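Undergrad: Sending over a structure as structure tokens; questions will come in a sec.
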Amino acid sequence: MSRRALRRLRGEQRGQEPLGPGALQFGFRDDDDAEEEGPKRGPGGRRLPGAGKEGVHVNNRFELINIEDLEEGPVVNGERADGRPPDAAVSGSKRRSQSGGAEPRKDGEVADSAAPAEQANASGKLRKKKKKQKNKKNTTGETLANGLEDIDRILERIEDGGGPQRPSPQPLSAKKHVLCVEHRHLNPDTELKRYFGARAVLGEQRPRQRQRVYPKCTWLTTPKSTWPRYTKPGLSMRLLESRKGLSYFAFEHNEEYQQTQHKFLAAVESMEPNNIVVLLQTSPYHVDSLLQLSDACRFQDDQEMARDLVERALYSMECAFHPLFSLTSGTCRLDYRRPENRSFYLALYKHMSFLEKRGCPRTALEHCKLILSLEPDEDPLCMLLLVDHLALRARCYEYLIRLSQEWETLRNLSQLPNFAFSVPLAHFLLSQQADLPDQELSSAREKASLLVRQALTMFPGALMPLLEACSVRPDAAVAGHRFFGPNAEISQPPALSQLVRLYLGRSHFLWKEAATMSWLEGNVREVLRAVDAGDPAVGECESRRKVLYQRAPRNIHRHVILSEIKEAVAALPPDVTTQPVMGFDPLPPVDTIYSYTRPERLSPVSHGNTIALFFRSLLPSYTMEGERPEAGGAEGPDRNQGLNRLMLAVRDMMATFHFHDPEGLHEAPAEGDGDGEWD
């Protein structure tokens, strides 16, 4: 048996011999040679007195060795593993070293008493060795993590211009903090498990996941076995630039995807959903086709198929992500002016709507934060009109309060009716929680009352529609007062009426609780007392309403169209309702940035051939002779112009057609002059 095996049986390890001052000498020798040499011994196999103290070779040369623990087992509760006190063990070892060896013992004593002590000593040293290795691994991991953080800071400085350290602006840090997205909340199963348990949610999904052969793991959706096999459709993402800690990305279409996009536009103009179905058979992961067909399924009350198509579109776009694109950092931007990026916005919005309908408001809130983080300054889908509703439904009251406090100076959120009423409601619902201290409950209640009185003073026309939506009959003194009466709703600007109807159509049921209504009633009476007392704040709010809400911006109209709330859609201005609205691209920005254009088409039909013009007008995307589609347009000719040309062609055809009676043709020569000519 080798010396290494003997040492392991005795619990000894190399480098644990007693060391004297200056005895730690690092001699670089081969480990095998050191093993074979071993400690110096005398002729009888005894260790020499000075052996092992000079030229000791430590196994791990970068780890300090505790001299007290050398060659001895662990001390537990003041005793060693062999039952002796630590002082006795040290004195015993000294006596053995001074005498030059151990006292002779019988074989029975060695078998009976030495073996348990050596086993306990060996087990204690093994536990100690494992603990040291674990501590070394943790220290190494912390060092690597700190090193990576330092590298990230250096890269951010280089991207900012390579100059001296400059602190980032405060608005960016505030947005990054508020719009932080958590991966685990992007999965609706996480929320459903909390409601119904993991067994009910994952019971049917576990056997399917074993057979899944999809190329990558995704965060937004879970691929299904019923989907077509994924093949790259020609969609990709590239990094445009990085500045001031922000990274700007853009989706790209290759030539094959562009051809599919042109076919899709032609299918949409034909107004036949079956044409889109045929296109998806050849390109099953074309994003715009999936979104448009999802709308068609939703209009036919096939919600399950509509949701499945939206998830497939999201999966297709997530597979095309750039390696540096992050869903959770809050520093990645997508310009909505690029048509290739709009599909991702709309797919996320539709997916978020389905999640809310499924009863997953917490997951929907996380998707709302994700959409808002893609372009928070412009907010193309106006997610600020929705984030408060989802936060209240998910009972994230602290998040809504923090968002309103941090963004008030940047975006004037209190001027939006939804935030003006939702923030005090969040304070009130927070004061209803019994697990908070009494001081915090009273402070939240006072803050809620103050904010709701300000909201009622600024938007008096919202009270009566709110009570009507909640099926609450108002007091006669309130209903007949000039401040909250019918005149308050009629006199407010149209843009403000649209915002109020949007908020009430979406969030009125949050006010139906009896405690909430009682709290609202008391504050309404306080507002009436202030109005009768001539509070100057009432006149200031009235003048602000007339100035601020002249006309709603385009992103609010786009949000109203996507929300599909009847009361808000009915309040859209005529210039929005008269123009065509495509489900895959509602109200595109005026300053759209096109990376490629649709090929121009010329009509071979002349103006004189009326019948040919009529049949040509029945085909999708037709153009008159000499006319071209709009330069840079990706949607072809305007649909209203096409309908006008069609009506003119029909009128011209009806004016030139003459219907002749076959029987009258035979009688015409007898009645006429006999020449048999037709008129």
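Going through the structure tokens in order, the chains are called A, B, and so on, while each chain numbers its residues from 1 and the ligands are numbered from 1 in the order shown.
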Assign secondary structure with DSSP using the backbone only, and return the residues of segment 322-418 of chain A in helix (DSSP H, G or I) as an MDAnalysis selection string.
TA: chainID A and resid 339:357 361:374 383:385 387:393 397:411 413:415 417:418
Undergrad: Tell me, as JSON, numbers by chain, which residues lie within 9 Å of segment 235-243 of chain A, counting only C-alpha atoms; anything in the same chain fewer than 6 positions away does not count.
TA: {"A": [156, 159, 160, 161, 249, 250, 251, 252, 253, 254, 257, 286, 316, 317, 319, 320, 321, 322, 324, 325]}
Undergrad: With N, CA, C and O atoms retained, export the selected residues as a short mmCIF file (atom, residue, chain, number, x, y, z; two decimals), in the first residue's frame.
TA:
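Saved as selection-v2.cif:
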data_model
loop_
_atom_site.label_atom_id
_atom_site.label_comp_id
_atom_site.auth_asym_id
_atom_site.auth_seq_id
_atom_site.Cartn_x
_atom_site.Cartn_y
_atom_site.Cartn_z
N GLU A 156 -19.38 51.38 -19.99
CA GLU A 156 -20.29 52.51 -20.03
C GLU A 156 -19.55 53.82 -20.18
O GLU A 156 -19.97 54.72 -20.91
N GLU A 159 -18.47 54.12 -23.81
CA GLU A 159 -19.58 54.47 -24.69
C GLU A 159 -19.99 55.92 -24.53
O GLU A 159 -20.44 56.57 -25.46
N ASP A 160 -19.85 56.45 -23.32
CA ASP A 160 -20.22 57.83 -23.10
C ASP A 160 -19.24 58.82 -23.70
O ASP A 160 -19.50 60.01 -23.75
N GLY A 161 -18.08 58.38 -24.17
CA GLY A 161 -17.16 59.29 -24.82
C GLY A 161 -15.73 59.13 -24.41
O GLY A 161 -14.85 59.82 -24.91
N PHE A 249 -31.89 49.81 -31.07
CA PHE A 249 -31.96 48.65 -31.95
C PHE A 249 -33.04 48.87 -33.00
O PHE A 249 -33.86 49.79 -32.91
N ALA A 250 -33.03 47.99 -34.00
CA ALA A 250 -34.04 48.03 -35.05
C ALA A 250 -34.15 46.65 -35.68
O ALA A 250 -33.13 45.97 -35.90
N PHE A 251 -35.37 46.22 -35.94
CA PHE A 251 -35.60 44.98 -36.68
C PHE A 251 -35.31 45.21 -38.16
O PHE A 251 -35.50 46.33 -38.67
N GLU A 252 -34.90 44.16 -38.84
CA GLU A 252 -34.59 44.23 -40.27
C GLU A 252 -35.27 43.09 -41.01
O GLU A 252 -35.43 41.99 -40.45
N HIS A 253 -35.66 43.36 -42.26
CA HIS A 253 -36.25 42.35 -43.14
C HIS A 253 -35.28 42.06 -44.28
O HIS A 253 -34.81 43.01 -44.94
N ASN A 254 -34.97 40.80 -44.51
CA ASN A 254 -34.16 40.47 -45.68
C ASN A 254 -35.04 40.44 -46.93
O ASN A 254 -36.24 40.72 -46.87
N TYR A 257 -38.12 38.15 -46.76
CA TYR A 257 -39.17 38.67 -45.89
C TYR A 257 -39.86 39.88 -46.53
O TYR A 257 -41.07 40.09 -46.35
N HIS A 286 -44.60 34.74 -40.32
CA HIS A 286 -44.64 36.14 -40.75
C HIS A 286 -45.45 36.92 -39.73
O HIS A 286 -46.62 36.63 -39.48
N SER A 316 -41.64 34.47 -32.84
CA SER A 316 -40.86 34.72 -34.05
C SER A 316 -39.94 35.93 -33.87
O SER A 316 -38.78 35.92 -34.29
N MET A 317 -40.44 36.98 -33.21
CA MET A 317 -39.63 38.18 -33.03
C MET A 317 -38.59 37.99 -31.93
O MET A 317 -37.48 38.54 -32.02
N CYS A 319 -37.02 35.24 -31.26
CA CYS A 319 -35.93 34.44 -31.83
C CYS A 319 -34.98 35.30 -32.67
O CYS A 319 -33.86 34.87 -32.94
N ALA A 320 -35.44 36.48 -33.08
CA ALA A 320 -34.61 37.37 -33.89
C ALA A 320 -33.89 38.43 -33.06
O ALA A 320 -33.25 39.32 -33.63
N PHE A 321 -33.98 38.38 -31.73
CA PHE A 321 -33.36 39.40 -30.89
C PHE A 321 -31.85 39.44 -31.08
O PHE A 321 -31.21 38.42 -31.32
N HIS A 322 -31.33 40.64 -30.95
CA HIS A 322 -29.89 40.84 -30.93
C HIS A 322 -29.33 40.30 -29.61
O HIS A 322 -30.01 40.37 -28.57
N LEU A 324 -27.35 41.58 -27.55
CA LEU A 324 -27.27 42.63 -26.55
C LEU A 324 -28.61 43.22 -26.18
O LEU A 324 -28.68 44.07 -25.28
N PHE A 325 -29.67 42.80 -26.84
CA PHE A 325 -31.00 43.34 -26.54
C PHE A 325 -31.53 42.69 -25.26
O PHE A 325 -31.62 41.47 -25.17
#
Undergrad: Out of segment 217-261 of chain A, which residues get strand (DSSP E) from DSSP, as a VMD selection string?
TA: chain A and resid 235 to 243 246 to 253
